[in-house]
Amino acid sequence: MTPFSLDAVPMLARSTVDRNDESRVDPARLAGLWRSGRVIVVDRKGRSPVRPDGSGLRDRPATSVADVPPAEAVLLGEDDGVGYWAVPVEAELTEGTRPPPNSWGVWPGATSSDGEQWHDLRAIGSLLDDRSAGLLTTAVALFNWHARARFCAKCGAEAGIANAGWASRCAGCGREEYPRTDPAVICLVHDVAGEHVLLARQPIWPPDRYSVLAGFVEAGESLEACVRREVCEEVGVDVRDVRYLGSQPWPFPRSIMIGFAAVADRSVPLTIADGEIEEARWVPRVDVRAALAAGGAIDGLILPGPTSIARHMLAAWAVPHLRD
Ligand SMILES: [Zn+2]
């Protein structure tokens, strides 16, 4: 089989803004970027107002939020001369709104009193335009990090937000910390013929939901070694020809998913890891194609959501050069 590759940029890797890190420490520049800038607001659950069809975020003039940048505002970057910011908000929302058409829809949205539809990145990420997807991914990553970086890891004193959201600074010892990202590998394992893919499900997932195997990189471990270890631990199979495919940020709360392909012998019996995996099986390519054609699910097989790199990898493998 010809090795497959990802034929497009993964959904949450489509950022278009210039991060412009020099602006983050330039107070005059920051003030100007606020005056002419746009803001996305994000609630504690990572939801932001979107257009009714989900095609983009509903940003607003920064000066409609505050005259000067609030302490918790983060500068996401610049695009076409416009500064884009994010501000965390306590929004009064009515829960349970239906997601826009064609979104994954596992995570219901919410409605504000003025009728704005709020959705989270997992539900809406694949519908958003490139700029919106990049903005919300970065905003969620930064706010999730700040929520867990309130105290200094060295002396325990309280830490404040610095560098327009791109650092925390300890009030006690002055130590600075920068946003953390945890690397995780995710691997599409197929058989030698390339006609079957190894999928597994976790006990907490809805019935029939399957995905490719994934796990966090351990200290002192290479990405390739992590792929081999995770697959072996989870299903008892040795893989070879480990090959990089692509990556995307996955800020839930702070991962980057690093995608690989690998080959395994389908005749080797699968040995399931207790607790972590409930079931694993080799799924024929025709079944994955049928599920993709049906919008992500057929009887007995629900694929990962369209925002995930897992879905992207499965589509690239099952239907080369044809996006689902
Ligand atoms: Zn400190």
# chains A, B, ... in the order shown; residues from 1 in each chain; ligands from 1
call {"tool": "residues_around", "arguments": {"residues": "range 94-110 of chain A", "least_positions_apart": "4", "cutoff": "8 Å", "atoms": "only C-alpha atoms", "output": "PDB file with N, CA and C atoms, in the first residue's frame"}}
result
ATOM      1  N   ARG A  47     -16.544  28.140  26.321  1.00  0.00           N
ATOM      2  CA  ARG A  47     -17.486  28.432  25.246  1.00  0.00           C
ATOM      3  C   ARG A  47     -17.417  29.905  24.847  1.00  0.00           C
ATOM      4  N   PRO A  52     -24.780  31.945  13.881  1.00  0.00           N
ATOM      5  CA  PRO A  52     -25.811  30.884  13.932  1.00  0.00           C
ATOM      6  C   PRO A  52     -25.424  29.613  13.180  1.00  0.00           C
ATOM      7  N   ASP A  53     -24.678  29.743  12.068  1.00  0.00           N
ATOM      8  CA  ASP A  53     -24.287  28.547  11.321  1.00  0.00           C
ATOM      9  C   ASP A  53     -22.956  27.975  11.803  1.00  0.00           C
ATOM     10  N   GLY A  54     -22.373  28.586  12.827  1.00  0.00           N
ATOM     11  CA  GLY A  54     -21.133  28.064  13.393  1.00  0.00           C
ATOM     12  C   GLY A  54     -19.891  28.386  12.593  1.00  0.00           C
ATOM     13  N   GLN A 117     -25.526  32.420  20.588  1.00  0.00           N
ATOM     14  CA  GLN A 117     -25.286  30.990  20.755  1.00  0.00           C
ATOM     15  C   GLN A 117     -23.827  30.773  21.161  1.00  0.00           C
ATOM     16  N   TRP A 118     -23.620  30.090  22.281  1.00  0.00           N
ATOM     17  CA  TRP A 118     -22.270  29.838  22.798  1.00  0.00           C
ATOM     18  C   TRP A 118     -21.953  28.347  22.637  1.00  0.00           C
ATOM     19  N   HIS A 119     -20.760  28.059  22.080  1.00  0.00           N
ATOM     20  CA  HIS A 119     -20.363  26.669  21.893  1.00  0.00           C
ATOM     21  C   HIS A 119     -18.897  26.481  22.248  1.00  0.00           C
ATOM     22  N   ASP A 120     -18.537  25.243  22.590  1.00  0.00           N
ATOM     23  CA  ASP A 120     -17.139  24.996  22.920  1.00  0.00           C
ATOM     24  C   ASP A 120     -16.377  24.482  21.697  1.00  0.00           C
ATOM     25  N   ARG A 122     -14.576  21.863  20.988  1.00  0.00           N
ATOM     26  CA  ARG A 122     -14.706  20.495  20.473  1.00  0.00           C
ATOM     27  C   ARG A 122     -15.947  20.343  19.607  1.00  0.00           C
ATOM     28  N   ALA A 123     -17.044  21.021  20.024  1.00  0.00           N
ATOM     29  CA  ALA A 123     -18.294  20.903  19.274  1.00  0.00           C
ATOM     30  C   ALA A 123     -18.238  21.687  17.966  1.00  0.00           C
ATOM     31  N   ILE A 124     -17.503  22.793  17.964  1.00  0.00           N
ATOM     32  CA  ILE A 124     -17.638  23.760  16.873  1.00  0.00           C
ATOM     33  C   ILE A 124     -16.369  23.891  16.018  1.00  0.00           C
ATOM     34  N   SER A 126     -14.573  22.237  13.942  1.00  0.00           N
ATOM     35  CA  SER A 126     -14.458  21.871  12.529  1.00  0.00           C
ATOM     36  C   SER A 126     -15.302  22.769  11.632  1.00  0.00           C
ATOM     37  N   LEU A 127     -16.231  23.531  12.214  1.00  0.00           N
ATOM     38  CA  LEU A 127     -17.065  24.426  11.397  1.00  0.00           C
ATOM     39  C   LEU A 127     -16.455  25.817  11.275  1.00  0.00           C
ATOM     40  N   GLY A 305     -14.990  12.693  16.843  1.00  0.00           N
ATOM     41  CA  GLY A 305     -15.594  13.909  16.282  1.00  0.00           C
ATOM     42  C   GLY A 305     -14.718  14.582  15.240  1.00  0.00           C
ATOM     43  N   PRO A 306     -15.348  15.374  14.361  1.00  0.00           N
ATOM     44  CA  PRO A 306     -14.619  15.960  13.235  1.00  0.00           C
ATOM     45  C   PRO A 306     -13.573  16.997  13.618  1.00  0.00           C
ATOM     46  N   THR A 307     -13.596  17.484  14.857  1.00  0.00           N
ATOM     47  CA  THR A 307     -12.563  18.430  15.275  1.00  0.00           C
ATOM     48  C   THR A 307     -11.256  17.714  15.624  1.00  0.00           C
TER      49      THR A 307
END
call {"tool": "residues_near_ligand", "arguments": {"ligand": "ligand 1", "cutoff": "10 Å", "atoms": "only C-alpha atoms and all ligand atoms", "output": "PyMOL selection string"}}
result
chain A and resi 151-159+169-177
call {"tool": "residues_around", "arguments": {"residues": "Val212 in chain A", "least_positions_apart": "6", "cutoff": "8 Å", "atoms": "only C-alpha atoms", "output": "list in words"}}
result
Ile186, Cys187, Leu188, Val189, Leu198, Leu199, Ala200 and Ala310 of chain A
call {"tool": "write_last_selection", "arguments": {"atoms": "C-alpha atoms", "output": "PDB file, in the first residue's frame"}}
result
ATOM      1  CA  ILE A 186      -1.826   9.343  18.741  1.00  0.00           C
ATOM      2  CA  CYS A 187      -1.259   6.486  16.317  1.00  0.00           C
ATOM      3  CA  LEU A 188      -3.237   4.987  13.483  1.00  0.00           C
ATOM      4  CA  VAL A 189      -2.156   1.331  13.436  1.00  0.00           C
ATOM      5  CA  LEU A 198      -6.871  -1.028  14.911  1.00  0.00           C
ATOM      6  CA  LEU A 199      -9.512   0.857  16.916  1.00  0.00           C
ATOM      7  CA  ALA A 200     -10.239   0.759  20.618  1.00  0.00           C
ATOM      8  CA  ALA A 310      -8.064  11.100  15.100  1.00  0.00           C
TER       9      ALA A 310
END
call {"tool": "closest_residue", "arguments": {"among": "A:Arg24, A:Arg44, A:Arg243, A:His190", "to": "Trp85 in chain A", "atoms": "only C-alpha atoms"}}
result
A:Arg24
call {"tool": "residues_around", "arguments": {"residues": "Arg254 in chain A", "least_positions_apart": "5", "cutoff": "12 Å", "atoms": "only C-alpha atoms", "output": "ChimeraX atom specification"}}
result
/A:137-148,179-184,216,248-249
call {"tool": "residues_around", "arguments": {"residues": "Val39 in chain A", "least_positions_apart": "2", "cutoff": "8 Å", "atoms": "only C-alpha atoms", "output": "PyMOL selection string"}}
result
chain A and resi 37+41+59-62+65+84-87
call {"tool": "select_by_dssp", "arguments": {"residues": "range 59-262 of chain A", "states": "strand (DSSP E)", "output": "VMD selection string"}}
result
chain A and resid 60 to 61 74 to 79 82 to 88 93 to 97 109 to 112 117 to 120 159 to 162 167 to 170 176 to 177 182 to 190 196 to 201 213 to 216 239 to 250 255 to 262
call {"tool": "residues_around", "arguments": {"residues": "Arg51 in chain A", "least_positions_apart": "6", "cutoff": "9 Å", "atoms": "only C-alpha atoms", "output": "list in words"}}
result
Leu57, Arg58, Glu116 and Gln117 of chain A
call {"tool": "closest_residue", "arguments": {"among": "A:Glu92, A:Asp130, A:Asp265, A:Glu195", "to": "Met11 in chain A", "atoms": "only C-alpha atoms"}}
result
A:Asp130
call {"tool": "closest_residue", "arguments": {"among": "A:Ile298, A:Gly125, A:Arg14, A:Ile258", "to": "Ser222 in chain A", "atoms": "only C-alpha atoms"}}
result
A:Ile258
call {"tool": "select_by_dssp", "arguments": {"residues": "range 78-227 of chain A", "states": "helix (DSSP H, G or I)", "output": "ChimeraX atom specification"}}
result
/A:121-124,130-147,163-165,223-227
call {"tool": "atom_distance", "arguments": {"atom1": "CA of Asp43 in chain A", "atom2": "CA of Ala133 in chain A"}}
result
16.3 Å
call {"tool": "atom_distance", "arguments": {"atom1": "CA of Met313 in chain A", "atom2": "CA of Pro269 in chain A"}}
result
24.2 Å
